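Asker: Following this message is one structure expressed as structure tokens.
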Amino acid sequence: MAESRTFLDLINAVDSVPDNFDFTTLYRLFLPQDTRPHGFMLPSVVSQMPWSSDFIIDHNSHTVQLLDSSDGEDTGNACCASFKKVIDTAIDSDIFTLLHGTHSEMYKILGAKYFVCLERFAAPLFGISSLGAHMTAYVRTSTGLKIWVARRSAHLFTYPGMLDTTVAGGVKADQLPFDCILAEADEEASLPAEYVEKNAHAVGIVSYVTKNKKTGLVSPTILYNYDLELPETIAPQPKDDEVEGFYLWGVEEVQQAMLREEFKPNCNLVMLDFFIRHGIMTQENQADYVEIVNRLTRRLPIPTTSIKKS
């Protein structure tokens with residue numbers, strides 16, 4: 001008989017790179033005028049990437065150094081252009097299946113000294129941080145707190161048909177996290193924009209580092225979390241084709257679906273954070289409480305601020 005899953009198992013499945021992971025086995029990605037690595041790349045990716053002369057690859061030190069082709073005149077735009085040239089070639093040549101042979105929206109590199117961006121699908125290849133935003137909508141009913149759970153459409157490329165938080169999306173390069181929430185709340189859930197803007201609240205982050213089981217790619221990730229209390233008179237409704245439907249479930253029903261692994265994996269961390277903040281999960285009812293709390297916001301191996309520590 002298979003062992004029952006625990007909430008810590010759900011965290012381990014997403015935050016799968018241990019604190020003592022040997023990052024020296026990977027190539028460190030450096031931006032111009034910055035001694036801090038902003039990404040960690042697999043040797044196999046480094047060997048296949050169609051590098052331009054804007055990058056210096058040092059196989060002895062396991063480093064990838066991006067040069068400033070503008071000589072300091074416009075470093076950020078120069079870096080964006082250098083990434084674009086390499087990624088365009090990789091897409092046109094169909095080198096990496098991860099890119100799906102198509103272009104995607106732009107992500108910014110968190111913690112860079114200047115604005116630098118590259119395509120979302122390519123971010124894991126360079127090992128830079130991914131930024132997402134999640135909003136959990138809930139209702140206080142006569143029978144207790146209930147949560148609006150989304151089901152992803154069956155046609156989606158990633159995690160088709162799985163359960164999801166109420167609203168979620170990747171934070172585009174030109175967005176703040178709340179901009180992402182406002183856009184996705186309308187596009188995915190048809191929630192009134194004025195109500196969301198007034199009542200949704202930032203409640204912190206979840207952070208983790210994943211090593212993809214199939215590709216081996218290492219991806220640091222930050223999820224910005226938001227809560228939205230809804231009256232019983234407002235219910236999310238699918239608008240675009242990314243969400244199949246919404247369910248209003250009690251806490252026990254949500255937790256059981258999590259343990260059956262029906263949720264998109266990183267959503268489990270968002271839900272655990274919600275349970276802790278709302279006093280639903282405590283030391284009194286969860287033996288792994290302290291470990292769960294500590295694991296939800298781990299220190300990432302890449303910069304999260306543009307300010308260099310002295």
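Convention: chains lettered A, B, ... in structure tokens order; per-chain residue numbering from 1; ligands numbered from 1 as shown.
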With the cut-off set at 12 Å and counting only C-alpha atoms, tabulate each residue of segment 106-202 of chain A with an atom at most that distance from an atom of segment 22-26 of chain A, showing the nearest atom pair and its distance in Å to one decimal, ordered by chain and increasing number, as CSV.

Answerer:
residue,atom,partner,partner_atom,distance
A:Leu125,CA,A:Leu26,CA,11.7
A:Phe126,CA,A:Leu26,CA,10.6
A:Gly127,CA,A:Leu26,CA,9.6

Asker: Using only C-alpha atoms, which protein or nucleic acid residues come within 9 Å of Ser153 of chain A? Drop anything in the same chain fewer than 3 positions from it, and give the result as a PyMOL selection string.

Answerer: chain A and resi 156+159-162+241-245

Asker: Which residues come within 9 Å of Val139 of chain A, counting only C-alpha atoms, excluding same-chain residues fewer than 6 positions away, as a list of chain:residue names?

Answerer: A:Leu145, A:Lys146, A:Ile147, A:Trp148, A:Leu228, A:Glu229, A:Leu230, A:Pro231, A:Glu232, A:Leu248

Asker: Go ahead and compute the interatomic distance for atom CA of Thr297 of chain A and atom CA of Asp15 of chain A, in Å to one decimal.

Answerer: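 Atom-to-atom, atom CA of Thr297 of chain A and atom CA of Asp15 of chain A are spaced 10.0 Å apart.
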
Asker: I'd like to know which of A:Asp174, A:Pro220, A:Ile234, A:His100 is closest to Arg298 of chain A, using only C-alpha atoms.

Answerer: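 That would be A:Pro220, the residue with the smallest distance to Arg298 of chain A.
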
Asker: Between atom CA of Pro43 of chain A and atom CA of Ile307 of chain A, what is the spacing in Å?

Answerer: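 Result for atom CA of Ile307 of chain A versus atom CA of Pro43 of chain A: 29.0 Å, one decimal.
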
Asker: If you measure from atom CA of Met281 of chain A to atom CA of Phe7 of chain A, what distance in Å do you get, rounded to one decimal?

Answerer: 10.9 Å

Asker: Nearest to Ile205 of chain A among A:Asp273, A:Glu252, A:Asp179, A:Glu187, with distances taken over only C-alpha atoms: which residue is it?

Answerer: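 When distances to Ile205 of chain A are compared using only C-alpha atoms, the smallest one comes from A:Asp273.
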
Asker: Identify all residues of segment 112-278 of chain A in helix (DSSP H, G or I) (DSSP on the backbone) and supply them as an MDAnalysis selection string.

Answerer: chainID A and resid 120:126 177:189 193:199 251:259 265:277

Asker: Within 6 Å of Thr210 of chain A, counting only C-alpha atoms, which residues qualify if same-chain residues fewer than 6 places away don't, as an mmCIF file with N, CA, C and O atoms, in the first residue's frame?

Answerer:
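Result file selection-v5.cif:
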data_model
loop_
_atom_site.group_PDB
_atom_site.id
_atom_site.type_symbol
_atom_site.label_atom_id
_atom_site.label_comp_id
_atom_site.auth_asym_id
_atom_site.auth_seq_id
_atom_site.Cartn_x
_atom_site.Cartn_y
_atom_site.Cartn_z
ATOM 1 N N VAL A 14 8.154 20.670 -5.160
ATOM 2 C CA VAL A 14 8.355 21.946 -5.845
ATOM 3 C C VAL A 14 9.701 22.563 -5.468
ATOM 4 O O VAL A 14 10.487 22.959 -6.331
ATOM 5 N N ASP A 15 9.958 22.649 -4.176
ATOM 6 C CA ASP A 15 11.241 23.172 -3.698
ATOM 7 C C ASP A 15 12.213 21.989 -3.616
ATOM 8 O O ASP A 15 12.549 21.515 -2.533
ATOM 9 N N SER A 16 12.641 21.534 -4.789
ATOM 10 C CA SER A 16 13.341 20.251 -4.887
ATOM 11 C C SER A 16 14.864 20.368 -4.941
ATOM 12 O O SER A 16 15.559 19.357 -5.064
ATOM 13 N N VAL A 17 15.392 21.577 -4.842
ATOM 14 C CA VAL A 17 16.843 21.777 -4.801
ATOM 15 C C VAL A 17 17.240 22.028 -3.349
ATOM 16 O O VAL A 17 16.859 23.052 -2.774
ATOM 17 N N VAL A 218 17.399 24.095 -13.405
ATOM 18 C CA VAL A 218 17.211 24.646 -12.063
ATOM 19 C C VAL A 218 16.571 26.020 -12.185
ATOM 20 O O VAL A 218 17.106 26.902 -12.861
ATOM 21 N N SER A 219 15.431 26.207 -11.528
ATOM 22 C CA SER A 219 14.660 27.443 -11.681
ATOM 23 C C SER A 219 14.290 28.031 -10.324
ATOM 24 O O SER A 219 13.423 27.487 -9.625
#

Asker: Quick one: residues within 8 Å of Gly39 of chain A, only C-alpha atoms counted, chain neighbours fewer than 5 positions away excluded, as a short mmCIF file (atom, residue, chain, number, x, y, z; two decimals) with N, CA, C and O atoms, in the first residue's frame?

Answerer:
data_model
loop_
_atom_site.label_atom_id
_atom_site.label_comp_id
_atom_site.auth_asym_id
_atom_site.auth_seq_id
_atom_site.Cartn_x
_atom_site.Cartn_y
_atom_site.Cartn_z
N ARG A 28 27.61 29.61 -14.12
CA ARG A 28 27.05 30.83 -13.55
C ARG A 28 26.90 31.89 -14.64
O ARG A 28 27.84 32.12 -15.41
N LEU A 29 25.74 32.52 -14.69
CA LEU A 29 25.46 33.57 -15.67
C LEU A 29 25.67 34.94 -15.03
O LEU A 29 25.03 35.26 -14.03
N PHE A 30 26.56 35.74 -15.63
CA PHE A 30 26.86 37.06 -15.10
C PHE A 30 26.42 38.15 -16.08
O PHE A 30 26.60 38.02 -17.30
N PHE A 126 18.30 29.70 -18.90
CA PHE A 126 19.36 30.53 -18.33
C PHE A 126 19.39 30.48 -16.81
O PHE A 126 20.26 31.07 -16.19
N GLY A 127 18.43 29.78 -16.22
CA GLY A 127 18.41 29.61 -14.77
C GLY A 127 18.10 30.87 -14.00
O GLY A 127 18.42 30.97 -12.81
N ILE A 128 17.47 31.86 -14.66
CA ILE A 128 17.12 33.09 -13.95
C ILE A 128 15.81 32.88 -13.20
O ILE A 128 15.10 31.90 -13.42
N SER A 129 15.49 33.82 -12.34
CA SER A 129 14.29 33.69 -11.53
C SER A 129 13.03 33.90 -12.37
O SER A 129 13.00 34.70 -13.30
N ILE A 302 20.04 33.48 -6.24
CA ILE A 302 20.25 34.58 -7.18
C ILE A 302 19.89 35.89 -6.48
O ILE A 302 19.18 35.89 -5.47
#

Asker: Can you tell me, as a list in words, what residues are no more than 9 Å from His134 of chain A when counting only C-alpha atoms, ignoring any on the same chain fewer than 6 positions away?

Answerer: Thr165, Thr166, Val167, Ala168, Gly169, Gly170, Pro177, Cys180, Ile181, Leu223, Tyr224, Asn225, Tyr226, Asp227, Cys267 and Val270 of chain A

Asker: Of the candidates A:Ala189, A:Ala90, A:Ala81, A:Ile57, which shows the shortest atom-to-atom distance to Phe121 of chain A, using only C-alpha atoms?

Answerer: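 The answer is A:Ala90, which sits nearest to Phe121 of chain A.
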
Asker: Between A:Tyr107, A:Leu131, A:Thr6, A:Val171, which one has atoms that come closest to Gln286 of chain A, using only C-alpha atoms?

Answerer: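 When distances to Gln286 of chain A are compared using only C-alpha atoms, the smallest one comes from A:Thr6.
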
Asker: Looking only at strand (DSSP E) from DSSP on the backbone, list the matching residues of segment 146-275 of chain A as a ChimeraX atom specification.

Answerer: /A:146-152,163-164,167-170,201-211,218-229,243-250

Asker: How would the residues just chosen look if you wrote them out with C-alpha atoms as a CSV table (one decimal), in the first residue's frame?

Answerer:
chain,number,residue,atom,x,y,z
A,146,LYS,CA,-14.7,28.5,1.5
A,147,ILE,CA,-12.2,29.0,-1.3
A,148,TRP,CA,-12.7,29.6,-5.0
A,149,VAL,CA,-10.7,27.0,-6.8
A,150,ALA,CA,-10.1,27.1,-10.6
A,151,ARG,CA,-9.7,24.2,-13.0
A,152,ARG,CA,-7.2,24.7,-15.8
A,163,LEU,CA,-6.7,22.6,-10.1
A,164,ASP,CA,-5.3,26.1,-9.6
A,167,VAL,CA,-6.3,33.7,-10.3
A,168,ALA,CA,-2.7,33.4,-11.3
A,169,GLY,CA,-0.2,34.4,-14.0
A,170,GLY,CA,3.4,35.2,-14.9
A,201,HIS,CA,-4.5,42.7,-0.7
A,202,ALA,CA,-0.8,41.8,-1.0
A,203,VAL,CA,0.0,39.2,1.7
A,204,GLY,CA,3.7,38.3,1.0
A,205,ILE,CA,5.5,35.8,-1.2
A,206,VAL,CA,6.4,32.2,-1.6
A,207,SER,CA,9.9,31.3,-2.9
A,208,TYR,CA,11.4,28.0,-4.0
A,209,VAL,CA,14.0,26.5,-6.3
A,210,THR,CA,12.9,23.6,-8.6
A,211,LYS,CA,15.0,21.1,-10.4
A,218,VAL,CA,17.2,24.6,-12.1
A,219,SER,CA,14.7,27.4,-11.7
A,220,PRO,CA,14.4,29.9,-8.7
A,221,THR,CA,10.9,31.2,-8.4
A,222,ILE,CA,9.1,33.9,-6.5
A,223,LEU,CA,5.3,34.0,-6.3
A,224,TYR,CA,3.6,37.2,-5.1
A,225,ASN,CA,0.5,36.3,-3.1
A,226,TYR,CA,-2.8,38.2,-2.8
A,227,ASP,CA,-6.0,37.6,-0.9
A,228,LEU,CA,-9.5,38.7,-2.0
A,229,GLU,CA,-12.5,38.2,0.2
A,243,VAL,CA,-10.0,28.1,-17.2
A,244,GLU,CA,-12.6,25.4,-17.5
A,245,GLY,CA,-14.5,26.3,-14.3
A,246,PHE,CA,-14.5,27.4,-10.7
A,247,TYR,CA,-15.6,25.5,-7.6
A,248,LEU,CA,-16.4,27.0,-4.1
A,249,TRP,CA,-14.8,24.4,-1.7
A,250,GLY,CA,-14.4,24.2,2.0

Asker: Find the residues near Leu272 of chain A: any atom within 9 Å, counting only C-alpha atoms, skip ones fewer than 4 places away on the same chain, and give them as a list in words.

Answerer: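 Once the adjacent positions are removed, what remains is Phe7, Gln255, Cys267, Asn268, Ile276, Arg277, Met281, Ile292, Val293 and Leu296 of chain A.
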
Asker: May I have the selected residues written with C-alpha atoms, as a PDB file, in the first residue's frame?

Answerer:
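Wrote it out as again.pdb, contents follow:
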ATOM      1  CA  PHE A   7       2.012  18.635   3.040  1.00  0.00           C
ATOM      2  CA  GLN A 255      -6.698  20.041   1.456  1.00  0.00           C
ATOM      3  CA  CYS A 267      -0.305  26.161  -6.088  1.00  0.00           C
ATOM      4  CA  ASN A 268       0.035  23.831  -3.114  1.00  0.00           C
ATOM      5  CA  ILE A 276      -1.085  29.487   7.842  1.00  0.00           C
ATOM      6  CA  ARG A 277      -1.921  33.190   7.543  1.00  0.00           C
ATOM      7  CA  MET A 281      -3.066  25.448   9.911  1.00  0.00           C
ATOM      8  CA  ILE A 292       6.284  24.101   6.559  1.00  0.00           C
ATOM      9  CA  VAL A 293       6.435  27.781   7.563  1.00  0.00           C
ATOM     10  CA  LEU A 296       7.661  28.483   2.123  1.00  0.00           C
TER      11      LEU A 296
END
